[in-house]
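Chemist: mmCIF, C-alpha atoms, file protein-v9.cif:
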```cif
data_input
loop_
_atom_site.group_PDB
_atom_site.id
_atom_site.type_symbol
_atom_site.label_atom_id
_atom_site.label_comp_id
_atom_site.auth_asym_id
_atom_site.auth_seq_id
_atom_site.Cartn_x
_atom_site.Cartn_y
_atom_site.Cartn_z
ATOM 1 C CA GLY A 861 194.082 62.305 109.105
ATOM 2 C CA ALA A 862 190.747 61.829 110.765
ATOM 3 C CA VAL A 863 190.460 59.867 113.996
ATOM 4 C CA VAL A 864 188.126 56.990 114.657
ATOM 5 C CA SER A 865 188.014 55.754 118.231
ATOM 6 C CA GLN A 866 186.822 52.251 119.003
ATOM 7 C CA HIS A 867 186.076 51.055 122.502
ATOM 8 C CA PRO A 868 186.861 48.763 124.181
ATOM 9 C CA SER A 869 190.166 47.583 122.735
ATOM 10 C CA TRP A 870 189.605 44.156 124.151
ATOM 11 C CA VAL A 871 186.874 42.421 126.105
ATOM 12 C CA ILE A 872 186.379 39.015 127.632
ATOM 13 C CA CYS A 873 182.840 37.893 128.298
ATOM 14 C CA LYS A 874 181.016 34.791 129.373
ATOM 15 C CA SER A 875 179.104 32.713 126.895
ATOM 16 C CA GLY A 876 175.481 33.846 126.676
ATOM 17 C CA THR A 877 176.101 37.459 127.596
ATOM 18 C CA SER A 878 175.996 40.486 125.303
ATOM 19 C CA VAL A 879 178.824 42.842 124.465
ATOM 20 C CA LYS A 880 178.610 46.345 123.041
ATOM 21 C CA ILE A 881 181.394 47.876 120.960
ATOM 22 C CA GLU A 882 181.429 51.604 120.257
ATOM 23 C CA CYS A 883 182.857 53.369 117.246
ATOM 24 C CA ARG A 884 183.217 57.134 117.317
ATOM 25 C CA SER A 885 184.452 59.586 114.716
ATOM 26 C CA LEU A 886 186.218 62.171 116.847
ATOM 27 C CA ASP A 887 186.850 65.050 114.474
ATOM 28 C CA PHE A 888 184.514 64.527 111.547
ATOM 29 C CA GLN A 889 180.960 63.536 110.796
ATOM 30 C CA ALA A 890 180.411 60.092 109.373
ATOM 31 C CA THR A 891 177.214 59.404 107.494
ATOM 32 C CA THR A 892 178.341 55.867 106.882
ATOM 33 C CA MET A 893 180.182 53.452 109.121
ATOM 34 C CA PHE A 894 181.247 49.925 108.331
ATOM 35 C CA TRP A 895 181.752 46.991 110.643
ATOM 36 C CA TYR A 896 184.280 44.292 109.851
ATOM 37 C CA ARG A 897 185.335 41.046 111.389
ATOM 38 C CA GLN A 898 188.853 39.762 110.977
ATOM 39 C CA PHE A 899 190.098 36.264 111.627
ATOM 40 C CA PRO A 900 193.794 35.614 112.310
ATOM 41 C CA LYS A 901 195.990 36.137 109.274
ATOM 42 C CA GLN A 902 193.024 36.967 107.072
ATOM 43 C CA SER A 903 191.607 40.000 105.387
ATOM 44 C CA LEU A 904 188.755 42.124 106.644
ATOM 45 C CA MET A 905 185.331 40.584 106.243
ATOM 46 C CA LEU A 906 182.560 43.154 105.907
ATOM 47 C CA MET A 907 179.682 42.459 108.265
ATOM 48 C CA ALA A 908 177.405 45.423 107.717
ATOM 49 C CA THR A 909 177.092 48.979 106.495
ATOM 50 C CA SER A 910 175.573 51.423 108.910
ATOM 51 C CA ASN A 911 173.942 54.683 107.881
ATOM 52 C CA GLU A 912 173.037 57.349 110.372
ATOM 53 C CA GLY A 913 169.370 57.301 111.230
ATOM 54 C CA SER A 914 168.487 54.176 109.271
ATOM 55 C CA LYS A 915 168.735 50.432 109.561
ATOM 56 C CA ALA A 916 172.045 48.772 108.851
ATOM 57 C CA THR A 917 172.571 46.732 105.718
ATOM 58 C CA TYR A 918 173.985 43.329 106.562
ATOM 59 C CA GLU A 919 176.139 41.174 104.346
ATOM 60 C CA GLN A 920 174.934 37.758 103.355
ATOM 61 C CA GLY A 921 175.425 35.236 106.114
ATOM 62 C CA VAL A 922 175.623 37.779 108.937
ATOM 63 C CA GLU A 923 172.855 37.355 111.491
ATOM 64 C CA LYS A 924 171.304 40.761 112.083
ATOM 65 C CA ASP A 925 169.576 39.602 115.253
ATOM 66 C CA LYS A 926 172.890 38.510 116.673
ATOM 67 C CA PHE A 927 174.965 41.476 115.599
ATOM 68 C CA LEU A 928 172.864 44.523 116.401
ATOM 69 C CA ILE A 929 174.078 47.754 114.855
ATOM 70 C CA ASN A 930 172.888 51.187 115.845
ATOM 71 C CA HIS A 931 174.022 54.421 114.194
ATOM 72 C CA ALA A 932 172.137 57.012 116.175
ATOM 73 C CA SER A 933 174.307 60.022 115.385
ATOM 74 C CA LEU A 934 176.831 61.221 112.835
ATOM 75 C CA THR A 935 179.674 60.415 115.203
ATOM 76 C CA LEU A 936 178.653 57.168 116.874
ATOM 77 C CA SER A 937 177.834 53.653 115.779
ATOM 78 C CA THR A 938 177.585 50.648 118.068
ATOM 79 C CA LEU A 939 177.807 46.928 117.452
ATOM 80 C CA THR A 940 176.225 44.659 120.046
ATOM 81 C CA VAL A 941 177.056 40.984 119.950
ATOM 82 C CA THR A 942 174.071 39.350 121.587
ATOM 83 C CA SER A 943 174.151 35.999 123.374
ATOM 84 C CA ALA A 944 177.813 35.648 122.535
ATOM 85 C CA HIS A 945 179.338 32.229 122.008
ATOM 86 C CA PRO A 946 182.975 31.152 121.720
ATOM 87 C CA GLU A 947 182.702 31.086 117.929
ATOM 88 C CA ASP A 948 182.006 34.831 118.037
ATOM 89 C CA SER A 949 185.498 35.387 119.389
ATOM 90 C CA SER A 950 187.267 37.533 116.842
ATOM 91 C CA PHE A 951 188.773 40.923 116.060
ATOM 92 C CA TYR A 952 186.063 43.453 115.211
ATOM 93 C CA ILE A 953 186.963 46.678 113.414
ATOM 94 C CA CYS A 954 184.858 49.682 112.513
ATOM 95 C CA SER A 955 185.477 52.138 109.723
ATOM 96 C CA ALA A 956 183.990 55.551 109.108
ATOM 97 C CA ARG A 957 183.712 57.533 105.928
ATOM 98 C CA ALA A 958 183.633 61.291 106.198
ATOM 99 C CA THR A 959 180.897 63.285 104.518
ATOM 100 C CA GLY A 960 181.665 65.926 101.940
ATOM 101 C CA GLY A 961 184.819 67.645 100.766
ATOM 102 C CA ARG A 962 188.131 65.992 100.029
ATOM 103 C CA MET A 963 187.729 63.522 102.848
ATOM 104 C CA ASN A 964 184.680 61.773 101.485
ATOM 105 C CA THR A 965 186.738 59.254 99.554
ATOM 106 C CA GLU A 966 188.726 57.926 102.457
ATOM 107 C CA ALA A 967 187.769 55.369 105.038
ATOM 108 C CA PHE A 968 189.303 55.680 108.483
ATOM 109 C CA PHE A 969 189.545 52.711 110.783
ATOM 110 C CA GLY A 970 189.224 52.281 114.491
ATOM 111 C CA GLN A 971 191.885 50.424 116.425
ATOM 112 C CA GLY A 972 189.800 47.276 116.637
ATOM 113 C CA THR A 973 188.243 45.282 119.469
ATOM 114 C CA ARG A 974 189.484 41.845 120.422
ATOM 115 C CA LEU A 975 186.474 39.874 121.697
ATOM 116 C CA THR A 976 187.053 36.646 123.585
ATOM 117 C CA VAL A 977 184.031 34.635 124.658
ATOM 118 C CA VAL A 978 184.716 32.043 127.337
ATOM 119 C CA GLN B 630 181.480 40.327 91.986
ATOM 120 C CA GLN B 631 184.098 43.026 92.139
ATOM 121 C CA GLN B 632 187.435 41.664 93.291
ATOM 122 C CA VAL B 633 190.909 42.858 94.038
ATOM 123 C CA LYS B 634 193.620 40.222 93.821
ATOM 124 C CA GLN B 635 196.724 40.789 95.903
ATOM 125 C CA SER B 636 200.102 39.066 95.797
ATOM 126 C CA PRO B 637 202.266 37.773 97.294
ATOM 127 C CA GLN B 638 200.575 36.419 100.373
ATOM 128 C CA SER B 639 203.781 36.833 102.343
ATOM 129 C CA LEU B 640 207.088 38.530 101.698
ATOM 130 C CA ILE B 641 210.475 38.531 103.400
ATOM 131 C CA VAL B 642 212.846 41.361 102.570
ATOM 132 C CA GLN B 643 216.276 42.256 103.828
ATOM 133 C CA LYS B 644 216.663 45.529 105.658
ATOM 134 C CA GLY B 645 217.410 48.249 103.135
ATOM 135 C CA GLY B 646 215.821 46.337 100.286
ATOM 136 C CA ILE B 647 212.738 47.131 98.217
ATOM 137 C CA SER B 648 209.414 45.535 99.105
ATOM 138 C CA ILE B 649 206.959 45.186 96.246
ATOM 139 C CA ILE B 650 203.322 44.184 96.645
ATOM 140 C CA ASN B 651 201.027 43.862 93.671
ATOM 141 C CA CYS B 652 197.292 44.160 93.198
ATOM 142 C CA ALA B 653 195.022 43.689 90.213
ATOM 143 C CA TYR B 654 191.378 44.472 89.755
ATOM 144 C CA GLU B 655 188.890 42.947 87.400
ATOM 145 C CA ASN B 656 186.724 45.763 86.171
ATOM 146 C CA THR B 657 186.931 49.491 85.625
ATOM 147 C CA ALA B 658 184.337 50.493 88.162
ATOM 148 C CA PHE B 659 186.864 51.748 90.712
ATOM 149 C CA ASP B 660 188.093 55.305 91.094
ATOM 150 C CA TYR B 661 190.285 55.321 94.179
ATOM 151 C CA PHE B 662 192.984 52.913 95.292
ATOM 152 C CA PRO B 663 194.287 53.111 98.880
ATOM 153 C CA TRP B 664 196.838 50.990 100.655
ATOM 154 C CA TYR B 665 196.491 50.175 104.327
ATOM 155 C CA GLN B 666 199.097 49.059 106.838
ATOM 156 C CA GLN B 667 198.043 46.912 109.765
ATOM 157 C CA PHE B 668 200.118 45.930 112.766
ATOM 158 C CA PRO B 669 199.072 42.952 114.924
ATOM 159 C CA GLY B 670 196.182 43.779 117.212
ATOM 160 C CA LYS B 671 195.557 47.142 115.561
ATOM 161 C CA GLY B 672 193.154 48.469 112.999
ATOM 162 C CA PRO B 673 194.336 49.228 109.452
ATOM 163 C CA ALA B 674 195.862 52.645 108.909
ATOM 164 C CA LEU B 675 195.767 54.478 105.599
ATOM 165 C CA LEU B 676 199.266 54.529 104.159
ATOM 166 C CA ILE B 677 198.993 56.050 100.702
ATOM 167 C CA ALA B 678 196.368 56.265 97.984
ATOM 168 C CA ILE B 679 196.102 57.026 94.283
ATOM 169 C CA ARG B 680 193.455 57.929 91.724
ATOM 170 C CA PRO B 681 193.446 56.347 88.245
ATOM 171 C CA ASP B 682 194.333 59.575 86.444
ATOM 172 C CA VAL B 683 197.827 59.400 87.941
ATOM 173 C CA SER B 684 200.440 56.740 87.118
ATOM 174 C CA GLU B 685 202.584 57.148 90.192
ATOM 175 C CA LYS B 686 202.426 58.685 93.641
ATOM 176 C CA LYS B 687 205.281 58.909 96.086
ATOM 177 C CA GLU B 688 205.228 59.720 99.785
ATOM 178 C CA GLY B 689 208.553 59.303 101.502
ATOM 179 C CA ARG B 690 209.705 55.699 101.103
ATOM 180 C CA PHE B 691 206.299 54.563 99.825
ATOM 181 C CA THR B 692 205.358 54.675 96.143
ATOM 182 C CA ILE B 693 202.245 53.511 94.338
ATOM 183 C CA SER B 694 202.588 52.635 90.673
ATOM 184 C CA PHE B 695 199.340 52.488 88.740
ATOM 185 C CA ASN B 696 198.804 50.878 85.333
ATOM 186 C CA LYS B 697 195.294 51.681 84.214
ATOM 187 C CA SER B 698 195.377 49.656 80.981
ATOM 188 C CA ALA B 699 196.579 46.557 82.803
ATOM 189 C CA LYS B 700 194.261 47.189 85.755
ATOM 190 C CA GLN B 701 197.152 46.767 88.129
ATOM 191 C CA PHE B 702 198.677 48.782 90.912
ATOM 192 C CA SER B 703 201.558 48.121 93.231
ATOM 193 C CA LEU B 704 203.123 49.368 96.422
ATOM 194 C CA HIS B 705 206.872 49.830 96.598
ATOM 195 C CA ILE B 706 208.595 50.322 99.934
ATOM 196 C CA MET B 707 212.101 51.640 99.441
ATOM 197 C CA ASP B 708 214.846 51.111 102.015
ATOM 198 C CA SER B 709 212.629 48.676 103.907
ATOM 199 C CA GLN B 710 213.045 48.712 107.680
ATOM 200 C CA PRO B 711 212.145 46.183 110.390
ATOM 201 C CA GLY B 712 209.499 48.652 111.566
ATOM 202 C CA ASP B 713 207.756 48.200 108.222
ATOM 203 C CA SER B 714 206.987 44.586 109.145
ATOM 204 C CA ALA B 715 203.198 44.462 109.049
ATOM 205 C CA THR B 716 200.312 43.275 106.919
ATOM 206 C CA TYR B 717 199.509 45.442 103.922
ATOM 207 C CA PHE B 718 196.124 45.571 102.240
ATOM 208 C CA CYS B 719 195.353 47.119 98.896
ATOM 209 C CA ALA B 720 191.811 48.296 98.322
ATOM 210 C CA ALA B 721 189.615 49.846 95.685
ATOM 211 C CA ARG B 722 186.626 52.112 95.951
ATOM 212 C CA PRO B 723 183.723 51.685 93.553
ATOM 213 C CA LYS B 724 182.803 54.733 91.480
ATOM 214 C CA HIS B 725 179.940 56.820 92.753
ATOM 215 C CA SER B 726 180.174 54.708 95.831
ATOM 216 C CA GLY B 727 178.108 56.703 98.267
ATOM 217 C CA ASN B 728 177.947 54.244 101.105
ATOM 218 C CA THR B 729 179.514 51.338 99.240
ATOM 219 C CA PRO B 730 182.450 49.849 101.144
ATOM 220 C CA LEU B 731 185.979 49.466 99.883
ATOM 221 C CA VAL B 732 186.920 46.186 98.233
ATOM 222 C CA PHE B 733 190.003 44.759 99.914
ATOM 223 C CA GLY B 734 192.729 42.440 98.771
ATOM 224 C CA LYS B 735 193.556 39.474 100.982
ATOM 225 C CA GLY B 736 196.649 41.099 102.418
ATOM 226 C CA THR B 737 200.414 40.605 102.333
ATOM 227 C CA ARG B 738 202.418 39.834 105.449
ATOM 228 C CA LEU B 739 205.725 41.641 105.130
ATOM 229 C CA SER B 740 208.703 40.712 107.267
ATOM 230 C CA VAL B 741 211.792 42.886 107.051
ATOM 231 C CA ILE B 742 214.812 41.142 108.511
ATOM 232 C CA ALA B 743 218.077 42.691 109.573
#
```
Could you quickly redo this structure as C-alpha cells?

Modeler:
Amino acid sequence: GAVVSQHPSWVICKSGTSVKIECRSLDFQATTMFWYRQFPKQSLMLMATSNEGSKATYEQGVEKDKFLINHASLTLSTLTVTSAHPEDSSFYICSARATGGRMNTEAFFGQGTRLTVV
Amino acid sequence: QQQVKQSPQSLIVQKGGISIINCAYENTAFDYFPWYQQFPGKGPALLIAIRPDVSEKKEGRFTISFNKSAKQFSLHIMDSQPGDSATYFCAARPKHSGNTPLVFGKGTRLSVIA
C-alpha cells in the first residue's frame, strides 16, 4: 500500500509556542489530505480537509486561526498548532487520498503525532 | 448526518476464537467500506475493504461480510491471536466523494487473551 509519513511522532512544547506537524505522501500524489484529532479511547475526529493549492475546509468548532493548515504541494500538508495550550494536547493524525486509478478510493494514514503542551 | 454505528465497544476473545465486529449505516450513499486496525500510539492501518456489489471478501484470517439490504457489514477475525489486540474502526466512503472524508465508526477495542 501507499505510504504516508508524518513527522514528528511526538513533540513536547511549552504553552504559548507553536508546533508544526508535517504529513507527506511518499510514493503517490495526494490532492486531498485530512487532519484528525484523536482523544484517548475515542474515534478519529475530523478537523479539516486540505486540498492542494487551496484553503482548507474546517469542521464546525475547529478554530482555523489556531490550527493552520497548508497544502502547498501534492505530497505535503502541514498542520501548525499556534499558541498551543495544554488542552491542545492530543494525538493528531493525517490521512491522504491518492488521485486517480484504483487507489483513489483508499485513504492512507500517517503514524500520528503525540502533542503534549506543558 | 451520515453515520456508521459500530458494536461492540469492546471485545475479549480467547486465543484461537473468532472475533466479530459489526457496523451498520443509515443511508445508501456509501460505496466503499474499509476496516482499519489501530495499535496504541500509531495511526490506523487499512486492513481490508469491500464494495457493496460483493457480499463477502476474505483476506487470510480476516473476512468482511456485507448485507446490502440490511445496511450492515461485519469483520470476522478467525483464529484470533494476541497480536490482533488493537482497536478496529469500520468506515464508509460517500459516493462520488471527491474530497469528502470517510465516515468512521466509534471503534472496537479487541483484546485476545491466551

Chemist: Using all atoms listed in the file, which residues of chain B come within 12 Å of chain A, and what is the closest atom pair for each, with the distance in Å to one decimal? Give it as a tab-separated table, sorted by chain and residue number.

Modeler:
```
residue	atom	partner	partner_atom	distance
B:Val633	CA	A:Ser903	CA	11.7
B:Lys634	CA	A:Ser903	CA	11.7
B:Gln635	CA	A:Ser903	CA	10.8
B:Gln638	CA	A:Lys901	CA	10.0
B:Ser639	CA	A:Lys901	CA	10.5
B:Phe659	CA	A:Thr965	CA	11.6
B:Asp660	CA	A:Thr965	CA	9.4
B:Tyr661	CA	A:Thr965	CA	7.5
B:Phe662	CA	A:Glu966	CA	9.7
B:Pro663	CA	A:Glu966	CA	8.2
B:Trp664	CA	A:Glu966	CA	10.8
B:Tyr665	CA	A:Phe969	CA	9.8
B:Gln666	CA	A:Phe969	CA	11.0
B:Gln667	CA	A:Gln971	CA	9.7
B:Phe668	CA	A:Gln971	CA	10.1
B:Pro669	CA	A:Lys901	CA	9.4
B:Gly670	CA	A:Gly972	CA	7.3
B:Lys671	CA	A:Gln971	CA	5.0
B:Gly672	CA	A:Gln971	CA	4.1
B:Pro673	CA	A:Phe969	CA	6.1
B:Ala674	CA	A:Phe969	CA	6.6
B:Leu675	CA	A:Phe968	CA	7.2
B:Leu676	CA	A:Gly861	CA	10.6
B:Ile677	CA	A:Glu966	CA	10.6
B:Ala678	CA	A:Glu966	CA	9.0
B:Ile679	CA	A:Thr965	CA	11.0
B:Arg680	CA	A:Thr965	CA	10.4
B:Ala715	CA	A:Lys901	CA	11.0
B:Thr716	CA	A:Lys901	CA	8.7
B:Tyr717	CA	A:Ser903	CA	9.7
B:Phe718	CA	A:Ser903	CA	7.8
B:Cys719	CA	A:Ser903	CA	10.3
B:Ala720	CA	A:Ala967	CA	10.6
B:Ala721	CA	A:Thr965	CA	10.6
B:Arg722	CA	A:Thr965	CA	8.0
B:Pro723	CA	A:Thr965	CA	10.1
B:Lys724	CA	A:Thr965	CA	10.1
B:His725	CA	A:Thr965	CA	9.9
B:Ser726	CA	A:Thr965	CA	8.8
B:Gly727	CA	A:Thr892	CA	8.7
B:Asn728	CA	A:Thr892	CA	6.0
B:Thr729	CA	A:Thr909	CA	8.0
B:Pro730	CA	A:Phe894	CA	7.3
B:Leu731	CA	A:Ala967	CA	8.0
B:Val732	CA	A:Leu906	CA	9.3
B:Phe733	CA	A:Leu904	CA	7.3
B:Gly734	CA	A:Ser903	CA	7.1
B:Lys735	CA	A:Ser903	CA	4.8
B:Gly736	CA	A:Ser903	CA	6.0
B:Thr737	CA	A:Ser903	CA	9.3
B:Arg738	CA	A:Lys901	CA	8.3
B:Leu739	CA	A:Lys901	CA	11.9
```

Chemist: Would you translate the PyMOL selection byres ((chain A and resi 864) around 6) into the concrete set of residues it matches in this file, as an mmCIF file with C-alpha atoms, in the frame of the given file?

Modeler:
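This went into out.cif:
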```cif
data_model
loop_
_atom_site.group_PDB
_atom_site.id
_atom_site.type_symbol
_atom_site.label_atom_id
_atom_site.label_comp_id
_atom_site.auth_asym_id
_atom_site.auth_seq_id
_atom_site.Cartn_x
_atom_site.Cartn_y
_atom_site.Cartn_z
ATOM 1 C CA VAL A 863 190.460 59.867 113.996
ATOM 2 C CA SER A 865 188.014 55.754 118.231
ATOM 3 C CA ARG A 884 183.217 57.134 117.317
ATOM 4 C CA SER A 885 184.452 59.586 114.716
ATOM 5 C CA LEU A 886 186.218 62.171 116.847
ATOM 6 C CA PHE A 969 189.545 52.711 110.783
ATOM 7 C CA GLY A 970 189.224 52.281 114.491
#
```

Chemist: Could you list the residues chosen by the PyMOL selection byres ((chain B and resi 693) around 7) in this structure as a ChimeraX atom specification?

Modeler: /B:685-687,691-692,694-695,702-705

Chemist: Grab the CA of Val922 in chain A to CA of Thr940 in chain A distance for me, in Å with one decimal place.

Modeler: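 Computing it gives 13.1 Å between the two atoms.
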
Chemist: What is the distance, in Å and to one decimal place, between CA of Gly913 in chain A and CA of Asn930 in chain A?

Modeler: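 Spanning CA of Gly913 in chain A to CA of Asn930 in chain A is a straight-line distance of 8.4 Å.
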
Chemist: Given the file shown, determine the residues that the PyMOL selection byres ((chain A and resi 873) around 6) selects; report them as an MDAnalysis selection string.

Modeler: chainID A and resid 872 874 977

Chemist: Please save C-alpha atoms of the selected residues as a short mmCIF file (atom, residue, chain, number, x, y, z; two decimals), in the frame of the given file.

Modeler:
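Done, and the output landed in part_34.cif:
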```cif
data_model
loop_
_atom_site.label_atom_id
_atom_site.label_comp_id
_atom_site.auth_asym_id
_atom_site.auth_seq_id
_atom_site.Cartn_x
_atom_site.Cartn_y
_atom_site.Cartn_z
CA ILE A 872 186.38 39.02 127.63
CA LYS A 874 181.02 34.79 129.37
CA VAL A 977 184.03 34.64 124.66
#
```

Chemist: Counting all atoms listed in the file, which residue out of A:Ala862, A:Val879, A:Val871, A:Ala958 sits closest to Leu934 in chain A?

Modeler: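 Going through A:Ala862, A:Val879, A:Val871, A:Ala958 one by one, the smallest distance to Leu934 in chain A is for A:Ala958.
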
Chemist: Using all atoms listed in the file - which residues lie no farther than 8 Å from the point (193.0, 46.5, 87.7) in the file's frame? Write them as a list in words.

Modeler: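 Taken together, the residues in range are Val633, Cys652, Ala653, Tyr654, Glu655, Asn656, Thr657, Asn696, Lys697, Ser698, Ala699, Lys700, Gln701 and Phe702 of chain B.
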
Chemist: Just give me the gap between CA of Asp708 in chain B and CA of Ser684 in chain B in Å, one decimal is fine.

Modeler: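 Interatomic distance, CA of Asp708 in chain B to CA of Ser684 in chain B: 21.5 Å.
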
Chemist: Please define a box with edges along x, y and z of the file around all atoms of range 901-905 of chain A given in the file, extend it by 8 Å on each side, and return its centre and edge lengths in Å to one decimal, as JSON.

Modeler:
```
{"center_x": 190.7, "center_y": 39.1, "center_z": 107.3, "size_x": 26.7, "size_y": 22.0, "size_z": 19.9}
```

Chemist: Complete range 708-721 of chain B at the level of N, CA, C and O atoms, written as a short mmCIF file (atom, residue, chain, number, x, y, z; two decimals), keeping the file's coordinate frame.

Modeler:
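Wrote part_15.cif, looks like this:
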```cif
data_model
loop_
_atom_site.label_atom_id
_atom_site.label_comp_id
_atom_site.auth_asym_id
_atom_site.auth_seq_id
_atom_site.Cartn_x
_atom_site.Cartn_y
_atom_site.Cartn_z
N ASP B 708 214.05 51.13 100.78
CA ASP B 708 214.85 51.11 102.02
C ASP B 708 214.03 50.50 103.17
O ASP B 708 213.86 51.10 104.22
N SER B 709 213.51 49.32 102.94
CA SER B 709 212.63 48.68 103.91
C SER B 709 213.32 48.53 105.26
O SER B 709 214.52 48.21 105.34
N GLN B 710 212.53 48.76 106.32
CA GLN B 710 213.04 48.71 107.68
C GLN B 710 212.26 47.68 108.50
O GLN B 710 211.10 47.39 108.19
N PRO B 711 212.88 47.14 109.54
CA PRO B 711 212.14 46.18 110.39
C PRO B 711 210.81 46.74 110.89
O PRO B 711 209.85 45.99 111.05
N GLY B 712 210.74 48.03 111.12
CA GLY B 712 209.50 48.65 111.57
C GLY B 712 208.40 48.65 110.53
O GLY B 712 207.24 48.93 110.83
N ASP B 713 208.76 48.30 109.29
CA ASP B 713 207.76 48.20 108.22
C ASP B 713 207.07 46.84 108.24
O ASP B 713 206.11 46.62 107.50
N SER B 714 207.58 45.93 109.06
CA SER B 714 206.99 44.59 109.14
C SER B 714 205.54 44.71 109.63
O SER B 714 205.28 45.17 110.74
N ALA B 715 204.63 44.29 108.78
CA ALA B 715 203.20 44.46 109.05
C ALA B 715 202.45 43.74 107.94
O ALA B 715 203.06 43.17 107.03
N THR B 716 201.13 43.79 108.01
CA THR B 716 200.31 43.28 106.92
C THR B 716 199.80 44.47 106.11
O THR B 716 199.34 45.46 106.68
N TYR B 717 199.92 44.36 104.82
CA TYR B 717 199.51 45.44 103.92
C TYR B 717 198.31 44.98 103.09
O TYR B 717 198.31 43.88 102.55
N PHE B 718 197.32 45.85 103.02
CA PHE B 718 196.12 45.57 102.24
C PHE B 718 195.98 46.63 101.15
O PHE B 718 196.03 47.82 101.43
N CYS B 719 195.78 46.18 99.92
CA CYS B 719 195.35 47.12 98.90
C CYS B 719 193.83 47.12 98.90
O CYS B 719 193.19 46.19 99.40
N ALA B 720 193.26 48.18 98.37
CA ALA B 720 191.81 48.30 98.32
C ALA B 720 191.42 49.13 97.12
O ALA B 720 192.24 49.81 96.51
N ALA B 721 190.15 49.06 96.79
CA ALA B 721 189.62 49.85 95.68
C ALA B 721 188.22 50.33 96.05
O ALA B 721 187.45 49.60 96.70
#
```
